[in-house]
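Here's the structure, in structure tokens; my notes come after.
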Amino acid sequence: GRDVTPFVLKRVSELSGGESLRSNVELIKRNAVVGAQIAKAIEAAFEQQQDEAHTRGFGYRNGYDQHQLKIGNDDNLQKSQVVVMGGILLDIIAKSSSPLVPATVSPPSTKTSHPPPTTSPPKPLLIHHHPPPHKSSNPGTVSETDGGVARNIAETLGRLGTATSLHSAVGHDHRGRAIIDRLHSCRVDTGNVSKIPNGRTATYLAMLQPDGGLDCAVADTAVLDRIEGPSCWEERGDDIGRFFIVDANPPLSTLVDSVTRAFECGVTVFFEPTSVPKAKSLKDCDAFWRCVTFVSPNWDELISLASEEVLNVNDTIEYDETLMRNLVRTLLDRMNSKEACILLTLGDKGVVLAQRQQPDGQNSNQVAIQHFLPLNSVKNVVNCTGAGDSFCGGFVHALLKGYGREDAVRFGMSVAEMSLDCDWAVSPMLSEEVILVEKHKDIDLKR
């Protein structure tokens, strides 16, 4: 016991000339090494079990090379009505309870310059004492949610019951595995999400002031440059899906190549511009735009895509009806001419549907514009990060059910409203039944 053991150990150490103490220390060190090895082995076994579970659940074959590891391959594309390609991100949002104070505050410089020689006596040296730099943390809240335009759209479609396959890339890390697991629970086929060895799952970290205003942000999205598009469009014919939805996160060459092959196979291409900087990168790419049938920009993205003016990052242009009509006409002229359609999202001002008029089945240069106001007023907007993506997913889902574009807009707006009223990018309560029963009773998508 504790009354005897210390005496015994001390006496043994004395009799052994300290050798027993050194042996016990080495034993403790060795135990720590063995414990770490066991922990690493358990983690590796757990990762293998997860990958095998994914493979068994979706009938995939694991493919691995020195560049990347995939859970599966393209074989499951033929089961999907919609193929989505683009970004998966983890959003970490920190909101301070009081005005943010920098972690360190550099004091003013205390360097002094030597004055030229003078006959007057030198002035006494003044020493300024500065308070120590602030190094405490800012109290507040931190939330972590799954994000990324393509991921949000795929989740929306999966929750609504549309068979969806997602092409993206994540790091071979716990964050990437967790996001994939959650997508599986939403019935999204993630067999073509690449897991990049030594890569980091794309992460967006934002620091917000108490009023919700952005103070600073860091985006780590290098892994998205490793996104690969579907590789065998031509061999699958009509089985590959009816819609190909892309955001602007993949490399430009991947986007152009993928939408071109999809378009040539008769697949309808839907583009979500993602952000103003990313939209600008595609502005003058005619090879891309000739393949696009649907595009869903917000007001700022529409300006960046269709305006001849070169705007700075902080420039803003107020919404104007006349300007909007000119911009949508310009963009429609560059798109797939027969079916081109623009879904302009305007936040709490609703959605504008702009498309070519086709009287009696004939093509026309006239542009039909319809403005849909919000169906219901969301009293408490909790999170607006996924509303536009939820709208896109709901719109495509309704089209696949056989409804016209006008009713599809209304359905998509109902889906977006659900996302505004929750902490996540896509409402976990979302389903087709909930939309039909609680949000939009005048549309029967099952008729």
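So you can find residues: chains in the structure tokens are A, B, ... in the order shown, residues in each start at 1, and ligands are numbered from 1 in order.
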**Request:** For Ala178 (chain A), work out the shell of residues within 12 Å, counting only C-alpha atoms and skipping chain neighbours fewer than 3 positions away, then give it as a list of chain:residue names.
**Result:**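 After dropping sequence-adjacent residues, the list is A:Glu47, A:Gln50, A:Asp51, A:Ile88, A:Leu89, A:Leu90, A:Thr145, A:Asp146, A:Val170, A:Gly171, A:His172, A:Asp173, A:His174, A:Arg175, A:Asp181, A:Arg182, A:Leu183, A:His184, A:Ser185, A:Thr201.
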Residues just named, written with N, CA, C and O atoms as a PDB file, in the first residue's frame:
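Result file result.pdb:
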```
ATOM      1  N   GLU A  47     -10.500   3.619 -39.637  1.00  0.00           N
ATOM      2  CA  GLU A  47     -10.623   4.190 -40.972  1.00  0.00           C
ATOM      3  C   GLU A  47     -10.918   3.118 -42.008  1.00  0.00           C
ATOM      4  O   GLU A  47     -11.749   3.296 -42.903  1.00  0.00           O
ATOM      5  N   GLN A  50     -14.515   2.059 -41.836  1.00  0.00           N
ATOM      6  CA  GLN A  50     -15.417   3.047 -42.428  1.00  0.00           C
ATOM      7  C   GLN A  50     -15.422   2.928 -43.943  1.00  0.00           C
ATOM      8  O   GLN A  50     -16.475   2.931 -44.581  1.00  0.00           O
ATOM      9  N   ASP A  51     -14.215   2.819 -44.535  1.00  0.00           N
ATOM     10  CA  ASP A  51     -14.144   2.716 -45.994  1.00  0.00           C
ATOM     11  C   ASP A  51     -14.815   1.447 -46.492  1.00  0.00           C
ATOM     12  O   ASP A  51     -15.519   1.451 -47.505  1.00  0.00           O
ATOM     13  N   ILE A  88     -16.961  20.859 -51.490  1.00  0.00           N
ATOM     14  CA  ILE A  88     -17.349  20.466 -50.141  1.00  0.00           C
ATOM     15  C   ILE A  88     -16.485  21.288 -49.191  1.00  0.00           C
ATOM     16  O   ILE A  88     -15.263  21.283 -49.304  1.00  0.00           O
ATOM     17  N   LEU A  89     -17.104  22.001 -48.282  1.00  0.00           N
ATOM     18  CA  LEU A  89     -16.369  22.805 -47.314  1.00  0.00           C
ATOM     19  C   LEU A  89     -16.920  22.590 -45.914  1.00  0.00           C
ATOM     20  O   LEU A  89     -18.104  22.258 -45.740  1.00  0.00           O
ATOM     21  N   LEU A  90     -16.063  22.789 -44.951  1.00  0.00           N
ATOM     22  CA  LEU A  90     -16.496  22.851 -43.557  1.00  0.00           C
ATOM     23  C   LEU A  90     -16.490  24.312 -43.146  1.00  0.00           C
ATOM     24  O   LEU A  90     -15.463  24.982 -43.262  1.00  0.00           O
ATOM     25  N   THR A 145     -20.413  23.771 -39.294  1.00  0.00           N
ATOM     26  CA  THR A 145     -21.436  23.164 -40.139  1.00  0.00           C
ATOM     27  C   THR A 145     -20.848  22.766 -41.481  1.00  0.00           C
ATOM     28  O   THR A 145     -19.855  23.331 -41.935  1.00  0.00           O
ATOM     29  N   ASP A 146     -21.483  21.794 -42.119  1.00  0.00           N
ATOM     30  CA  ASP A 146     -21.072  21.379 -43.464  1.00  0.00           C
ATOM     31  C   ASP A 146     -21.542  22.415 -44.472  1.00  0.00           C
ATOM     32  O   ASP A 146     -22.655  22.949 -44.362  1.00  0.00           O
ATOM     33  N   VAL A 170     -12.063  15.833 -50.828  1.00  0.00           N
ATOM     34  CA  VAL A 170     -11.830  16.194 -49.431  1.00  0.00           C
ATOM     35  C   VAL A 170     -10.444  15.706 -49.033  1.00  0.00           C
ATOM     36  O   VAL A 170      -9.823  14.896 -49.741  1.00  0.00           O
ATOM     37  N   GLY A 171      -9.950  16.170 -47.913  1.00  0.00           N
ATOM     38  CA  GLY A 171      -8.700  15.656 -47.387  1.00  0.00           C
ATOM     39  C   GLY A 171      -8.903  14.287 -46.774  1.00  0.00           C
ATOM     40  O   GLY A 171     -10.021  13.905 -46.402  1.00  0.00           O
ATOM     41  N   HIS A 172      -7.812  13.517 -46.676  1.00  0.00           N
ATOM     42  CA  HIS A 172      -7.903  12.214 -46.028  1.00  0.00           C
ATOM     43  C   HIS A 172      -7.772  12.446 -44.529  1.00  0.00           C
ATOM     44  O   HIS A 172      -6.774  12.086 -43.883  1.00  0.00           O
ATOM     45  N   ASP A 173      -8.808  13.077 -43.959  1.00  0.00           N
ATOM     46  CA  ASP A 173      -8.788  13.457 -42.552  1.00  0.00           C
ATOM     47  C   ASP A 173     -10.154  13.216 -41.930  1.00  0.00           C
ATOM     48  O   ASP A 173     -11.107  12.840 -42.614  1.00  0.00           O
ATOM     49  N   HIS A 174     -10.229  13.414 -40.621  1.00  0.00           N
ATOM     50  CA  HIS A 174     -11.482  13.115 -39.924  1.00  0.00           C
ATOM     51  C   HIS A 174     -12.610  14.030 -40.365  1.00  0.00           C
ATOM     52  O   HIS A 174     -13.783  13.632 -40.380  1.00  0.00           O
ATOM     53  N   ARG A 175     -12.290  15.268 -40.743  1.00  0.00           N
ATOM     54  CA  ARG A 175     -13.346  16.176 -41.196  1.00  0.00           C
ATOM     55  C   ARG A 175     -13.969  15.686 -42.496  1.00  0.00           C
ATOM     56  O   ARG A 175     -15.187  15.691 -42.660  1.00  0.00           O
ATOM     57  N   ASP A 181     -19.808  10.827 -44.255  1.00  0.00           N
ATOM     58  CA  ASP A 181     -20.773  10.036 -43.484  1.00  0.00           C
ATOM     59  C   ASP A 181     -22.128  10.722 -43.410  1.00  0.00           C
ATOM     60  O   ASP A 181     -23.177  10.087 -43.560  1.00  0.00           O
ATOM     61  N   ARG A 182     -22.104  12.027 -43.188  1.00  0.00           N
ATOM     62  CA  ARG A 182     -23.373  12.751 -43.080  1.00  0.00           C
ATOM     63  C   ARG A 182     -24.100  12.807 -44.426  1.00  0.00           C
ATOM     64  O   ARG A 182     -25.332  12.779 -44.472  1.00  0.00           O
ATOM     65  N   LEU A 183     -23.354  12.889 -45.519  1.00  0.00           N
ATOM     66  CA  LEU A 183     -24.001  12.853 -46.834  1.00  0.00           C
ATOM     67  C   LEU A 183     -24.618  11.488 -47.104  1.00  0.00           C
ATOM     68  O   LEU A 183     -25.681  11.387 -47.722  1.00  0.00           O
ATOM     69  N   HIS A 184     -23.948  10.427 -46.656  1.00  0.00           N
ATOM     70  CA  HIS A 184     -24.525   9.091 -46.794  1.00  0.00           C
ATOM     71  C   HIS A 184     -25.875   9.011 -46.114  1.00  0.00           C
ATOM     72  O   HIS A 184     -26.813   8.393 -46.624  1.00  0.00           O
ATOM     73  N   SER A 185     -25.975   9.631 -44.943  1.00  0.00           N
ATOM     74  CA  SER A 185     -27.241   9.584 -44.210  1.00  0.00           C
ATOM     75  C   SER A 185     -28.345  10.337 -44.940  1.00  0.00           C
ATOM     76  O   SER A 185     -29.524  10.131 -44.659  1.00  0.00           O
ATOM     77  N   THR A 201      -9.238  18.867 -45.849  1.00  0.00           N
ATOM     78  CA  THR A 201     -10.603  19.158 -46.272  1.00  0.00           C
ATOM     79  C   THR A 201     -10.811  20.674 -46.286  1.00  0.00           C
ATOM     80  O   THR A 201     -10.426  21.369 -45.345  1.00  0.00           O
TER      81      THR A 201
END
```
**Asked** Using only C-alpha atoms, which residues sit within 10 Å of region 93-95 of chain A once same-chain residues fewer than 6 positions away are excluded, as a PyMOL selection string?
**Response** chain A and resi 138-145+204-215+217
Would you save the residues of that selection, restricted to N, CA and C atoms, as a compact mmCIF listing (two decimals), in the first residue's frame?
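Contents of out-v9.txt, freshly written:
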```txt
# COMPACT_ATOMS: atom_id res chain seq x y z
N ASN A 138 -11.56 36.41 -27.04
CA ASN A 138 -12.84 37.11 -27.10
C ASN A 138 -13.96 36.12 -26.78
N PRO A 139 -14.76 36.36 -25.78
CA PRO A 139 -15.87 35.45 -25.50
C PRO A 139 -16.90 35.50 -26.62
N GLY A 140 -17.53 34.38 -26.91
CA GLY A 140 -18.53 34.32 -27.97
C GLY A 140 -18.96 32.90 -28.22
N THR A 141 -19.47 32.66 -29.41
CA THR A 141 -19.93 31.33 -29.79
C THR A 141 -19.21 30.88 -31.06
N VAL A 142 -18.99 29.58 -31.17
CA VAL A 142 -18.35 29.00 -32.35
C VAL A 142 -19.23 27.84 -32.84
N SER A 143 -19.56 27.88 -34.13
CA SER A 143 -20.37 26.81 -34.71
C SER A 143 -19.63 26.19 -35.89
N GLU A 144 -19.88 24.93 -36.13
CA GLU A 144 -19.23 24.19 -37.20
C GLU A 144 -20.31 23.47 -38.01
N THR A 145 -20.41 23.77 -39.29
CA THR A 145 -21.44 23.16 -40.14
C THR A 145 -20.85 22.77 -41.48
N TYR A 204 -13.64 26.91 -44.30
CA TYR A 204 -13.86 28.36 -44.29
C TYR A 204 -14.02 28.78 -42.83
N LEU A 205 -13.14 29.67 -42.38
CA LEU A 205 -13.16 30.15 -40.99
C LEU A 205 -13.47 31.64 -40.99
N ALA A 206 -14.54 32.03 -40.32
CA ALA A 206 -14.97 33.42 -40.30
C ALA A 206 -15.08 33.93 -38.87
N MET A 207 -14.64 35.16 -38.66
CA MET A 207 -14.78 35.85 -37.38
C MET A 207 -15.82 36.96 -37.55
N LEU A 208 -16.88 36.89 -36.77
CA LEU A 208 -17.97 37.85 -36.88
C LEU A 208 -18.02 38.77 -35.67
N GLN A 209 -18.40 40.01 -35.93
CA GLN A 209 -18.69 40.95 -34.86
C GLN A 209 -20.04 40.60 -34.23
N PRO A 210 -20.39 41.18 -33.09
CA PRO A 210 -21.67 40.85 -32.44
C PRO A 210 -22.89 41.04 -33.32
N ASP A 211 -22.84 42.01 -34.25
CA ASP A 211 -24.00 42.25 -35.12
C ASP A 211 -24.03 41.32 -36.32
N GLY A 212 -23.10 40.37 -36.40
CA GLY A 212 -23.07 39.43 -37.51
C GLY A 212 -22.18 39.87 -38.66
N GLY A 213 -21.65 41.08 -38.60
CA GLY A 213 -20.78 41.57 -39.65
C GLY A 213 -19.45 40.82 -39.67
N LEU A 214 -18.94 40.58 -40.87
CA LEU A 214 -17.69 39.85 -41.02
C LEU A 214 -16.51 40.73 -40.67
N ASP A 215 -15.66 40.27 -39.75
CA ASP A 215 -14.45 41.00 -39.39
C ASP A 215 -13.27 40.51 -40.20
N ALA A 217 -11.78 36.60 -42.42
CA ALA A 217 -12.06 35.21 -42.76
C ALA A 217 -10.84 34.61 -43.44
```
**Message:** Applying 12 Å and only C-alpha atoms, which residues near region 1-10 of chain A remain after dropping the ones on its own chain fewer than 5 positions away? List them as a PyMOL selection string.
**Reply:** chain A and resi 15-24
I need the residues from that last selection saved to file as a compact mmCIF listing (two decimals), in the first residue's frame (with N, CA and C atoms), if you can.
```
# COMPACT_ATOMS: atom_id res chain seq x y z
N LEU A 15 19.90 0.02 -2.61
CA LEU A 15 20.67 -1.23 -2.72
C LEU A 15 21.20 -1.46 -4.14
N SER A 16 20.46 -0.96 -5.16
CA SER A 16 20.87 -1.16 -6.56
C SER A 16 21.69 -0.01 -7.11
N GLY A 17 22.02 0.93 -6.24
CA GLY A 17 22.81 2.06 -6.70
C GLY A 17 22.06 2.94 -7.70
N GLY A 18 20.72 3.02 -7.59
CA GLY A 18 19.91 3.85 -8.47
C GLY A 18 19.50 3.16 -9.76
N GLU A 19 19.94 1.92 -9.97
CA GLU A 19 19.62 1.22 -11.22
C GLU A 19 18.14 0.93 -11.34
N SER A 20 17.49 0.59 -10.23
CA SER A 20 16.06 0.28 -10.29
C SER A 20 15.25 1.51 -10.70
N LEU A 21 15.63 2.68 -10.23
CA LEU A 21 14.92 3.91 -10.60
C LEU A 21 15.05 4.17 -12.10
N ARG A 22 16.28 3.99 -12.63
CA ARG A 22 16.47 4.20 -14.06
C ARG A 22 15.66 3.18 -14.87
N SER A 23 15.57 1.97 -14.38
CA SER A 23 14.78 0.94 -15.08
C SER A 23 13.30 1.29 -15.09
N ASN A 24 12.80 1.77 -13.97
CA ASN A 24 11.39 2.15 -13.90
C ASN A 24 11.07 3.32 -14.83
```
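You can rank A:Asp421, A:Glu308, A:Asp286, A:Asp247 by their closest distance to Met335 (chain A) using only C-alpha atoms, and at the top of that list sits A:Asp286.
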**Message:** With DSSP run on the backbone, what are the helix (DSSP H, G or I) residues within region 167-368 of chain A? I'd like them as a PyMOL selection string.
**Reply:** chain A and resi 174-185+222-226+233-235+237-240+252-264+276-281+286-289+299-306+321-334+347-349+359-361
Write out the residues from the selection above, keeping C-alpha atoms, as a short mmCIF file (atom, residue, chain, number, x, y, z; two decimals), in the first residue's frame.
```
data_model
loop_
_atom_site.label_atom_id
_atom_site.label_comp_id
_atom_site.auth_asym_id
_atom_site.auth_seq_id
_atom_site.Cartn_x
_atom_site.Cartn_y
_atom_site.Cartn_z
CA HIS A 174 -11.48 13.11 -39.92
CA ARG A 175 -13.35 16.18 -41.20
CA GLY A 176 -13.63 14.77 -44.69
CA ARG A 177 -14.75 11.38 -43.41
CA ALA A 178 -17.37 12.96 -41.15
CA ILE A 179 -18.84 15.06 -43.98
CA ILE A 180 -19.03 12.01 -46.25
CA ASP A 181 -20.77 10.04 -43.48
CA ARG A 182 -23.37 12.75 -43.08
CA LEU A 183 -24.00 12.85 -46.83
CA HIS A 184 -24.53 9.09 -46.79
CA SER A 185 -27.24 9.58 -44.21
CA ALA A 222 -6.53 24.06 -52.14
CA VAL A 223 -7.97 20.53 -52.14
CA LEU A 224 -10.79 21.63 -54.47
CA ASP A 225 -8.23 21.90 -57.29
CA ARG A 226 -8.16 18.09 -57.20
CA TRP A 233 -20.13 10.36 -70.12
CA GLU A 234 -20.02 9.02 -73.69
CA GLU A 235 -20.36 5.36 -72.74
CA GLY A 237 -26.01 7.32 -72.87
CA ASP A 238 -29.27 8.20 -71.17
CA ASP A 239 -28.36 6.30 -68.00
CA ILE A 240 -25.95 8.91 -66.68
CA LEU A 252 -11.56 25.86 -65.13
CA SER A 253 -10.30 23.11 -67.42
CA THR A 254 -12.28 20.51 -65.47
CA LEU A 255 -15.44 22.59 -65.66
CA VAL A 256 -15.20 23.20 -69.41
CA ASP A 257 -14.32 19.59 -70.24
CA SER A 258 -17.07 18.13 -68.04
CA VAL A 259 -19.93 20.39 -69.17
CA THR A 260 -18.90 19.95 -72.82
CA ARG A 261 -19.07 16.17 -72.62
CA ALA A 262 -22.34 16.31 -70.68
CA PHE A 263 -23.87 18.71 -73.23
CA GLU A 264 -22.80 16.52 -76.14
CA VAL A 276 -18.32 37.08 -57.69
CA PRO A 277 -14.58 36.29 -58.05
CA LYS A 278 -15.28 32.76 -59.26
CA ALA A 279 -18.01 33.98 -61.61
CA LYS A 280 -15.59 36.46 -63.16
CA SER A 281 -13.17 33.66 -64.01
CA ASP A 286 -17.75 30.88 -74.52
CA ALA A 287 -16.97 27.14 -74.68
CA PHE A 288 -18.49 26.83 -71.20
CA TRP A 289 -21.54 29.04 -71.68
CA TRP A 299 -27.51 40.21 -58.38
CA ASP A 300 -23.79 40.83 -57.88
CA GLU A 301 -22.87 37.63 -59.75
CA LEU A 302 -25.15 38.56 -62.66
CA ILE A 303 -23.37 41.90 -62.97
CA SER A 304 -19.96 40.22 -62.94
CA LEU A 305 -21.08 37.75 -65.63
CA ALA A 306 -22.92 40.07 -68.01
CA GLU A 321 -35.19 46.73 -63.38
CA THR A 322 -33.95 48.17 -66.67
CA LEU A 323 -30.37 47.15 -66.02
CA MET A 324 -31.53 43.67 -65.01
CA ARG A 325 -33.36 43.18 -68.31
CA ASN A 326 -30.30 44.21 -70.30
CA LEU A 327 -28.02 41.93 -68.30
CA VAL A 328 -30.20 38.83 -68.57
CA ARG A 329 -30.59 39.35 -72.32
CA THR A 330 -26.80 39.58 -72.68
CA LEU A 331 -26.25 36.39 -70.70
CA LEU A 332 -29.05 34.46 -72.42
CA ASP A 333 -27.46 35.23 -75.79
CA ARG A 334 -24.33 33.36 -74.73
CA GLY A 347 -32.81 37.39 -51.27
CA ASP A 348 -35.88 38.75 -49.52
CA LYS A 349 -37.03 40.26 -52.84
CA PRO A 359 -44.85 31.01 -78.97
CA ASP A 360 -46.32 27.97 -80.71
CA GLY A 361 -43.11 26.06 -80.16
#
```
Would you kindly return, as a PDB file with all heavy atoms, in the first residue's frame, each protein, DNA or RNA residue with an atom no farther than 7 Å from any atom of Ala408 (chain A), considering only C-alpha atoms and excluding same-chain residues fewer than 5 positions away?
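Once written, part-v1.pdb looks like this:
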```pdb
ATOM      1  N   PHE A 395     -35.587  23.381 -57.115  1.00  0.00           N
ATOM      2  CA  PHE A 395     -36.013  23.678 -58.490  1.00  0.00           C
ATOM      3  C   PHE A 395     -35.778  22.480 -59.401  1.00  0.00           C
ATOM      4  O   PHE A 395     -36.676  22.062 -60.157  1.00  0.00           O
ATOM      5  CB  PHE A 395     -35.253  24.900 -58.995  1.00  0.00           C
ATOM      6  CG  PHE A 395     -35.540  25.273 -60.418  1.00  0.00           C
ATOM      7  CD1 PHE A 395     -36.651  26.033 -60.756  1.00  0.00           C
ATOM      8  CD2 PHE A 395     -34.693  24.855 -61.447  1.00  0.00           C
ATOM      9  CE1 PHE A 395     -36.923  26.383 -62.071  1.00  0.00           C
ATOM     10  CE2 PHE A 395     -34.949  25.195 -62.766  1.00  0.00           C
ATOM     11  CZ  PHE A 395     -36.064  25.962 -63.081  1.00  0.00           C
ATOM     12  N   ALA A 398     -38.135  19.534 -58.681  1.00  0.00           N
ATOM     13  CA  ALA A 398     -39.482  19.729 -59.222  1.00  0.00           C
ATOM     14  C   ALA A 398     -39.509  19.509 -60.732  1.00  0.00           C
ATOM     15  O   ALA A 398     -40.458  18.923 -61.265  1.00  0.00           O
ATOM     16  CB  ALA A 398     -39.981  21.135 -58.875  1.00  0.00           C
ATOM     17  N   LEU A 399     -38.475  19.979 -61.437  1.00  0.00           N
ATOM     18  CA  LEU A 399     -38.426  19.737 -62.886  1.00  0.00           C
ATOM     19  C   LEU A 399     -38.412  18.245 -63.195  1.00  0.00           C
ATOM     20  O   LEU A 399     -39.063  17.783 -64.137  1.00  0.00           O
ATOM     21  CB  LEU A 399     -37.196  20.403 -63.491  1.00  0.00           C
ATOM     22  CG  LEU A 399     -37.171  21.928 -63.581  1.00  0.00           C
ATOM     23  CD1 LEU A 399     -35.891  22.386 -64.282  1.00  0.00           C
ATOM     24  CD2 LEU A 399     -38.387  22.477 -64.320  1.00  0.00           C
ATOM     25  N   TYR A 403     -42.830  19.039 -63.637  1.00  0.00           N
ATOM     26  CA  TYR A 403     -43.538  20.313 -63.553  1.00  0.00           C
ATOM     27  C   TYR A 403     -42.824  21.406 -64.331  1.00  0.00           C
ATOM     28  O   TYR A 403     -41.613  21.340 -64.573  1.00  0.00           O
ATOM     29  CB  TYR A 403     -43.737  20.722 -62.098  1.00  0.00           C
ATOM     30  CG  TYR A 403     -44.983  20.075 -61.528  1.00  0.00           C
ATOM     31  CD1 TYR A 403     -44.991  18.723 -61.236  1.00  0.00           C
ATOM     32  CD2 TYR A 403     -46.150  20.797 -61.350  1.00  0.00           C
ATOM     33  CE1 TYR A 403     -46.129  18.111 -60.755  1.00  0.00           C
ATOM     34  CE2 TYR A 403     -47.296  20.196 -60.866  1.00  0.00           C
ATOM     35  CZ  TYR A 403     -47.286  18.845 -60.578  1.00  0.00           C
ATOM     36  OH  TYR A 403     -48.423  18.237 -60.120  1.00  0.00           O
TER      37      TYR A 403
END
```
**Message:** So that I can check the surroundings of Cys422 (chain A), please list as a PyMOL selection string every protein, DNA and RNA residue that reaches within 9 Å of it, counting only C-alpha atoms and ignoring chain neighbours fewer than 4 positions away.
**Reply:** chain A and resi 381-384+418+426-428
For the selection you just gave me, I'd like the residues written to a file as a PDB file, in the first residue's frame, keeping C-alpha atoms.
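Okay, this is what ended up in result-v9.pdb:
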```
ATOM      1  CA  VAL A 381     -33.741  34.316 -40.378  1.00  0.00           C
ATOM      2  CA  VAL A 382     -31.279  32.077 -38.544  1.00  0.00           C
ATOM      3  CA  ASN A 383     -28.881  31.248 -41.382  1.00  0.00           C
ATOM      4  CA  CYS A 384     -28.881  32.300 -45.024  1.00  0.00           C
ATOM      5  CA  MET A 418     -36.901  26.019 -44.679  1.00  0.00           C
ATOM      6  CA  VAL A 426     -29.831  22.727 -45.493  1.00  0.00           C
ATOM      7  CA  SER A 427     -32.680  22.007 -43.110  1.00  0.00           C
ATOM      8  CA  PRO A 428     -32.416  18.515 -41.568  1.00  0.00           C
TER       9      PRO A 428
END
```
**Message:** Let me make sure I understand: among A:Glu417, A:Glu14, A:Asp320, A:Glu339, which one has the smallest atom-to-atom distance to Val367 (chain A) if we use only C-alpha atoms?
**Reply:** A:Glu339
**Request:** Choose the residue, out of A:Ile196, A:Val188, A:Ala340, A:Val25, that has the smallest atom-to-atom separation from Thr268 (chain A); count only C-alpha atoms.
**Result:**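 Of the candidates, the smallest distance to Thr268 (chain A) is held by A:Ala340.
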